[in-house]
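Note sheet for the following structure.
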Amino acid sequence: MAYTDLYLPALPPALCAMAETPAMQRLRRVGMHCGCEYTAYPLYRAALAPYSRCLHSLGTAALVWRFTHDLAQAAAGLLHDIATPAFAHVIDFLNGDHMMQESTERRTHAMIASSPELTALLARSGLTVADVDDYHRYPIADNDSPRLSADRLEYTLGNARLVFHAPDTMIRAICGDLFVGQNEDGADELCFAHAAQADAFTRLALRQSQWFVSDDDRFSMQYLADLLRDALNAGALTIDDLYTDEETVIARLLAVPALAARWQDYRRITGTVSTAHRPEGVYAVRVAAKKRSIDPLVRTGSGLRRYTALSATYAAQLAAFRADGFDRWVQAVYESP
């Protein structure tokens with residue numbers, strides 16, 4: 001079964017051709033979990049299958065097409081991660097942009113424009129690079145959190161399927177309940193027809209939101225960012241190397257004994273512990289992270305309402321999630337060598 005089958009019977013041929021270009025196929029070797037996949041965390045050992053930026057991009061394109069049948073919007077969804085570097089948002093930590101996580105988008109236009117295969121396919125479809133280089137302009141593809149867009153929908157459902165083992169029947173039911181409505185600002189937004197499906201979805205969304213800012217996740221991303229910074233400073237890596245793929249970057253690290261030892265330590269991380277005060281003699285971090293959350297619109301007898309207005313439980317859970325100030329020091333727990 002193709003990855004997008006639960007979203008759409010088949011992608012349009014034009015999108016399939018774009019997905020097969022070298023610029024997009026690079027994303028098969030860039031993960032969705034920002035390097036955490038390489039640790040020994042139990043979550044990843046139990047994952048059903050690797051979740052790559054390529055799969056996420058295909059899923060986003062499929063969902064945009066499902067709800068818009070507009071090729072420009074769907075192509076923008078397909079190409080929105082084309083500039084994602086190795087280890088993805090770890091590079092935002094490296095760039096000091098970890099609270100916004102936007103610095104990794106800066107090369108999007110250039111990477112599309114520099115692909116002769118993509119520019120030829122776009123031209124064949126009557127599109128230009130400018131039509132597809134910024135998916136933020138298409139509200140079904142992307143919008144501001146906590147609204148629901150195809151991008152947020154896809155990585156929530158993708159993680160639910162491949163990491164948290166949600167059944168396909170649940171994914172189909174959630175997708176089948178969605179429709180395009182108009183939000184408080186009159187913009188198009190994906191909405192739920194029934195509160196029961198919104199409840200199922202928000203449970204999945206909150207679980208992954210909690211994981212993405214967990215002590216384990218934040219520690220790992222900062223550790224890897226510091227390792228990559230030292231590799232760059234030592235000349236073992238270049239910035240352009242980061243825009244190849246993770247296999248290439250790891251090979252560069254392994255070629256330098258001191259960096260290789262730290263990478264192997266990273267691979268042995270099984271979890272973290274936190275303390276109020278900075279521990280002495282060990283690598284520890286105190287770092288915040290971008291909080292991703294979703295509060296979808298749901299159809300009611302009186303119109304569309306945010307799910308937090310319908311569920312006091314979810315409203316309280318979301319408020320607790322947003323209240324964490326990350327004011328603690330975190331260090332790793334390692335498995336035995």
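Residues are referred to by chain and number: the chain letter is A, B, ... according to the order shown in the structure tokens, the number counts from 1 in that chain, and ligands are numbered separately from 1 in the order shown.
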If we count only C-alpha atoms, what is near Val256 (chain A) at a cut-off of 9 Å, once residues fewer than 5 positions away on the same chain are taken out, given as a PDB file with N, CA, C and O atoms, in the first residue's frame?
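Final output, saved to part-v2.pdb:
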```pdb
ATOM      1  N   ALA A 231      31.523  20.235  14.769  1.00  0.00           N
ATOM      2  CA  ALA A 231      32.003  19.672  13.511  1.00  0.00           C
ATOM      3  C   ALA A 231      32.220  20.768  12.462  1.00  0.00           C
ATOM      4  O   ALA A 231      33.207  20.739  11.713  1.00  0.00           O
ATOM      5  N   ALA A 236      35.107  19.722   9.774  1.00  0.00           N
ATOM      6  CA  ALA A 236      34.692  18.376   9.384  1.00  0.00           C
ATOM      7  C   ALA A 236      33.404  18.404   8.573  1.00  0.00           C
ATOM      8  O   ALA A 236      33.089  17.440   7.865  1.00  0.00           O
ATOM      9  N   ALA A 261      33.056   9.499  18.490  1.00  0.00           N
ATOM     10  CA  ALA A 261      32.788   9.036  19.847  1.00  0.00           C
ATOM     11  C   ALA A 261      31.551   9.720  20.414  1.00  0.00           C
ATOM     12  O   ALA A 261      30.713   9.075  21.074  1.00  0.00           O
TER      13      ALA A 261
END
```
For Val282 (chain A), work out the shell of residues within 12 Å, counting only C-alpha atoms and skipping chain neighbours fewer than 4 positions away, then give it as a PyMOL selection string.
chain A and resi 278+329-333
Selected residues written out with all heavy atoms, as a CSV table (one decimal), in the first residue's frame:
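The resulting file, out28.csv, is shown below:
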```csv
chain,number,residue,atom,x,y,z
A,278,ARG,N,21.9,23.2,37.8
A,278,ARG,CA,22.8,22.6,36.8
A,278,ARG,C,23.7,21.5,37.4
A,278,ARG,O,24.4,21.8,38.4
A,278,ARG,CB,23.6,23.7,36.1
A,278,ARG,CG,24.5,23.2,35.0
A,278,ARG,CD,25.2,24.4,34.3
A,278,ARG,NE,25.8,23.9,33.0
A,278,ARG,CZ,26.2,24.7,32.1
A,278,ARG,NH1,26.1,26.1,32.2
A,278,ARG,NH2,26.8,24.3,31.0
A,329,TRP,N,17.2,21.7,34.2
A,329,TRP,CA,18.4,21.2,33.6
A,329,TRP,C,18.1,19.7,33.2
A,329,TRP,O,17.6,19.0,34.1
A,329,TRP,CB,19.6,21.4,34.4
A,329,TRP,CG,20.0,22.8,34.5
A,329,TRP,CD1,19.6,23.7,35.5
A,329,TRP,CD2,20.9,23.5,33.6
A,329,TRP,NE1,20.2,24.9,35.2
A,329,TRP,CE2,21.0,24.8,34.1
A,329,TRP,CE3,21.6,23.1,32.5
A,329,TRP,CZ2,21.7,25.8,33.4
A,329,TRP,CZ3,22.3,24.1,31.8
A,329,TRP,CH2,22.4,25.4,32.3
A,330,VAL,N,18.5,19.3,32.0
A,330,VAL,CA,18.3,18.0,31.6
A,330,VAL,C,19.6,17.3,31.1
A,330,VAL,O,20.4,18.0,30.4
A,330,VAL,CB,17.3,18.0,30.3
A,330,VAL,CG1,16.9,16.6,29.9
A,330,VAL,CG2,16.0,18.8,30.7
A,331,GLN,N,19.7,16.1,31.5
A,331,GLN,CA,20.9,15.3,31.1
A,331,GLN,C,20.5,14.0,30.7
A,331,GLN,O,19.4,13.5,31.0
A,331,GLN,CB,21.9,15.2,32.3
A,331,GLN,CG,21.4,14.5,33.5
A,331,GLN,CD,22.4,14.5,34.6
A,331,GLN,OE1,22.4,15.4,35.4
A,331,GLN,NE2,23.2,13.5,34.8
A,332,ALA,N,21.4,13.3,30.0
A,332,ALA,CA,21.0,12.0,29.4
A,332,ALA,C,21.2,10.8,30.3
A,332,ALA,O,22.0,10.8,31.2
A,332,ALA,CB,21.9,11.8,28.1
A,333,VAL,N,20.4,9.8,30.0
A,333,VAL,CA,20.6,8.4,30.6
A,333,VAL,C,21.1,7.6,29.4
A,333,VAL,O,20.4,7.6,28.4
A,333,VAL,CB,19.4,7.9,31.2
A,333,VAL,CG1,19.6,6.5,31.7
A,333,VAL,CG2,18.9,8.8,32.4
```
If DSSP is run on the backbone, what residues of region 108-307 of chain A are helix (DSSP H, G or I)? A reply as an MDAnalysis selection string would be ideal.
chainID A and resid 108:113 116:124 129:132 135:137 150:162 168:176 195:212 215:233 240:243 246:254 257:267 307
Fewer than 2 positions away in the same chain doesn't count, so skip those; otherwise give me all residues within 9 Å of Gly31 (chain A), counting only C-alpha atoms, as a list in words.
Leu27, Arg28, Arg29, His33, Cys34, Gly35, Cys36, Glu37, Pro50, Tyr51, Ser52, Arg53, Cys54, Ala86, Phe87, Ala88 and Glu246 of chain A
Within 9 Å of region 147-154 of chain A, counting only C-alpha atoms, which residues show up once you throw out same-chain ones fewer than 6 positions away? Write them as number ranges by chain, please.
A: 56-57, 59-64, 67, 77, 139-141, 175, 183, 189-191, 201, 205, 293-297
Could you please take those selected residues and save C-alpha atoms as a compact mmCIF listing (two decimals), in the first residue's frame?
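Saved as part18.txt:
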```
# COMPACT_ATOMS: atom_id res chain seq x y z
CA HIS A 56 5.39 13.69 4.97
CA SER A 57 5.63 15.81 1.82
CA GLY A 59 1.05 13.06 2.45
CA THR A 60 0.73 16.83 2.66
CA ALA A 61 0.34 17.08 -1.11
CA ALA A 62 -2.29 14.33 -1.09
CA LEU A 63 -4.31 16.08 1.61
CA VAL A 64 -4.11 19.48 -0.08
CA PHE A 67 -9.51 19.27 -0.18
CA GLY A 77 2.44 21.37 -0.15
CA PRO A 139 -4.40 28.33 4.14
CA ILE A 140 -5.42 24.74 3.50
CA ALA A 141 -1.74 23.82 3.10
CA CYS A 175 -9.87 12.16 7.35
CA ASN A 183 -12.77 30.31 10.29
CA GLU A 189 -9.65 25.96 7.23
CA LEU A 190 -10.04 22.22 7.69
CA CYS A 191 -12.92 21.54 10.10
CA PHE A 201 -7.73 13.64 16.56
CA ALA A 205 -2.23 15.70 18.41
CA SER A 293 -0.65 22.59 19.27
CA ILE A 294 -3.91 22.22 17.38
CA ASP A 295 -7.37 23.45 18.38
CA PRO A 296 -9.57 22.49 15.43
CA LEU A 297 -12.92 23.90 14.43
```
Compile the contact shell of Ala120 (chain A) as a list in words: residues with an atom at most 12 Å away, counting only C-alpha atoms, same-chain residues fewer than 6 positions apart removed.
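The residues that qualify are Ala14, Ala17, Met18, Thr21, Ile112, Ala113, Ser114, Gly126, Leu127, Thr128 and Val129 of chain A.
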Residues within 12 Å of Ala49 (chain A), please, as JSON, numbers by chain. Count only C-alpha atoms; anything in the same chain fewer than 5 positions from it doesn't count.
{"A": [3, 31, 32, 37, 43, 44, 55, 158, 159, 160, 161, 162, 163, 164, 165]}
Go ahead and save the residues from that selection, with N, CA, C and O atoms, as a PDB file, in the first residue's frame.
```pdb
ATOM      1  N   TYR A   3       1.992   5.070   0.718  1.00  0.00           N
ATOM      2  CA  TYR A   3       1.831   5.834   1.956  1.00  0.00           C
ATOM      3  C   TYR A   3       0.587   6.713   1.918  1.00  0.00           C
ATOM      4  O   TYR A   3      -0.098   6.884   2.931  1.00  0.00           O
ATOM      5  N   GLY A  31      14.919  12.551   8.167  1.00  0.00           N
ATOM      6  CA  GLY A  31      13.828  12.067   8.999  1.00  0.00           C
ATOM      7  C   GLY A  31      12.922  13.172   9.515  1.00  0.00           C
ATOM      8  O   GLY A  31      13.288  14.348   9.547  1.00  0.00           O
ATOM      9  N   MET A  32      11.754  12.772   9.976  1.00  0.00           N
ATOM     10  CA  MET A  32      10.786  13.702  10.550  1.00  0.00           C
ATOM     11  C   MET A  32      11.073  14.023  12.012  1.00  0.00           C
ATOM     12  O   MET A  32      10.537  14.984  12.549  1.00  0.00           O
ATOM     13  N   GLU A  37      15.535   9.822  15.975  1.00  0.00           N
ATOM     14  CA  GLU A  37      15.399   8.446  15.489  1.00  0.00           C
ATOM     15  C   GLU A  37      16.672   7.634  15.698  1.00  0.00           C
ATOM     16  O   GLU A  37      16.628   6.400  15.721  1.00  0.00           O
ATOM     17  N   LEU A  43      10.697   4.640  22.225  1.00  0.00           N
ATOM     18  CA  LEU A  43       9.676   5.030  21.250  1.00  0.00           C
ATOM     19  C   LEU A  43      10.096   4.678  19.831  1.00  0.00           C
ATOM     20  O   LEU A  43       9.293   4.179  19.029  1.00  0.00           O
ATOM     21  N   TYR A  44      11.367   4.924  19.495  1.00  0.00           N
ATOM     22  CA  TYR A  44      11.814   4.692  18.126  1.00  0.00           C
ATOM     23  C   TYR A  44      12.157   3.234  17.880  1.00  0.00           C
ATOM     24  O   TYR A  44      12.061   2.749  16.747  1.00  0.00           O
ATOM     25  N   LEU A  55       8.004  11.167   2.835  1.00  0.00           N
ATOM     26  CA  LEU A  55       6.667  10.639   3.095  1.00  0.00           C
ATOM     27  C   LEU A  55       5.731  11.750   3.563  1.00  0.00           C
ATOM     28  O   LEU A  55       4.580  11.839   3.118  1.00  0.00           O
ATOM     29  N   GLY A 158       0.604  11.030  10.391  1.00  0.00           N
ATOM     30  CA  GLY A 158       1.790  10.246  10.062  1.00  0.00           C
ATOM     31  C   GLY A 158       2.460   9.694  11.304  1.00  0.00           C
ATOM     32  O   GLY A 158       2.843   8.515  11.361  1.00  0.00           O
ATOM     33  N   ASN A 159       2.625  10.525  12.315  1.00  0.00           N
ATOM     34  CA  ASN A 159       3.188  10.043  13.572  1.00  0.00           C
ATOM     35  C   ASN A 159       2.255   9.050  14.246  1.00  0.00           C
ATOM     36  O   ASN A 159       2.696   8.058  14.833  1.00  0.00           O
ATOM     37  N   ALA A 160       0.955   9.311  14.168  1.00  0.00           N
ATOM     38  CA  ALA A 160      -0.008   8.390  14.772  1.00  0.00           C
ATOM     39  C   ALA A 160       0.122   6.995  14.158  1.00  0.00           C
ATOM     40  O   ALA A 160       0.078   5.978  14.875  1.00  0.00           O
ATOM     41  N   ARG A 161       0.290   6.954  12.844  1.00  0.00           N
ATOM     42  CA  ARG A 161       0.383   5.670  12.149  1.00  0.00           C
ATOM     43  C   ARG A 161       1.709   4.972  12.389  1.00  0.00           C
ATOM     44  O   ARG A 161       1.746   3.799  12.769  1.00  0.00           O
ATOM     45  N   LEU A 162       2.817   5.691  12.145  1.00  0.00           N
ATOM     46  CA  LEU A 162       4.129   5.054  12.076  1.00  0.00           C
ATOM     47  C   LEU A 162       4.852   4.981  13.411  1.00  0.00           C
ATOM     48  O   LEU A 162       5.714   4.123  13.601  1.00  0.00           O
ATOM     49  N   VAL A 163       4.519   5.883  14.327  1.00  0.00           N
ATOM     50  CA  VAL A 163       5.227   5.926  15.601  1.00  0.00           C
ATOM     51  C   VAL A 163       4.347   5.452  16.753  1.00  0.00           C
ATOM     52  O   VAL A 163       4.774   4.643  17.581  1.00  0.00           O
ATOM     53  N   PHE A 164       3.100   5.933  16.781  1.00  0.00           N
ATOM     54  CA  PHE A 164       2.237   5.615  17.927  1.00  0.00           C
ATOM     55  C   PHE A 164       1.240   4.483  17.650  1.00  0.00           C
ATOM     56  O   PHE A 164       0.395   4.178  18.486  1.00  0.00           O
ATOM     57  N   HIS A 165       1.331   3.878  16.448  1.00  0.00           N
ATOM     58  CA  HIS A 165       0.614   2.649  16.137  1.00  0.00           C
ATOM     59  C   HIS A 165      -0.912   2.813  16.105  1.00  0.00           C
ATOM     60  O   HIS A 165      -1.658   1.888  16.411  1.00  0.00           O
TER      61      HIS A 165
END
```
Would you mind listing what lies within 12 Å of Asp240 (chain A) as a tab-separated table (two decimals) with C-alpha atoms, in the first residue's frame, with only C-alpha atoms counted and same-chain residues fewer than 2 positions away left out?
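Resulting contents of around-v5.tsv:
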```
chain	number	residue	atom	x	y	z
A	83	ALA	CA	14.98	22.82	1.82
A	84	THR	CA	14.92	20.76	5.02
A	85	PRO	CA	18.51	20.00	6.03
A	86	ALA	CA	19.82	16.83	7.64
A	107	ARG	CA	16.56	27.95	0.81
A	232	LEU	CA	31.49	22.86	11.50
A	236	ALA	CA	34.69	18.38	9.38
A	237	LEU	CA	31.42	19.69	7.96
A	238	THR	CA	30.31	22.60	5.82
A	242	LEU	CA	23.87	19.84	5.95
A	243	TYR	CA	21.74	20.16	2.81
A	244	THR	CA	22.73	16.75	1.50
A	245	ASP	CA	21.26	13.99	3.66
A	248	THR	CA	26.33	11.89	4.34
A	249	VAL	CA	26.50	14.02	7.48
```
Just list as number ranges by chain whatever in region 45-278 of chain A DSSP marks as strand (DSSP E or B).
A: 52, 178-182, 188-192, 269-275
In terms of only C-alpha atoms, the residue from A:Leu58, A:Val285, A:Val298, A:Leu253 at minimal distance from His194 (chain A) is A:Val298
Which residue gives the smallest distance to Ala74 (chain A) among A:Pro116, A:Pro12, A:Gly301, A:Pro42, with only C-alpha atoms counted?
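So, comparing all the options, the nearest one is A:Pro12.
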Work out how far apart CA of Phe321 (chain A) and CA of Arg306 (chain A) are and give it in Å to one decimal.
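CA of Arg306 (chain A) lies 17.2 Å from CA of Phe321 (chain A).
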Quick one, how far is CA of Asp5 (chain A) from CA of Leu79 (chain A)?
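Taking CA of Asp5 (chain A) and CA of Leu79 (chain A), their separation equals 19.2 Å.
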Name the closest residue to Asp134 (chain A) among the candidates A:Asp265, A:Ala76, A:Arg172, A:Thr156; distances are taken between atoms, counting only C-alpha atoms.
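Closest candidate: A:Ala76.
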What are the closest atom pairs, with distances in Å to one decimal, for all residues of region 284-316 of chain A lying within 9 Å of region 219-226 of chain A? Consider only C-alpha atoms, order rows by chain and residue number, and present the result as a tab-separated table.
```
residue	atom	partner	partner_atom	distance
A:Ala284	CA	A:Phe219	CA	7.9
A:Val285	CA	A:Phe219	CA	6.5
A:Arg286	CA	A:Phe219	CA	8.2
A:Val287	CA	A:Phe219	CA	7.8
```
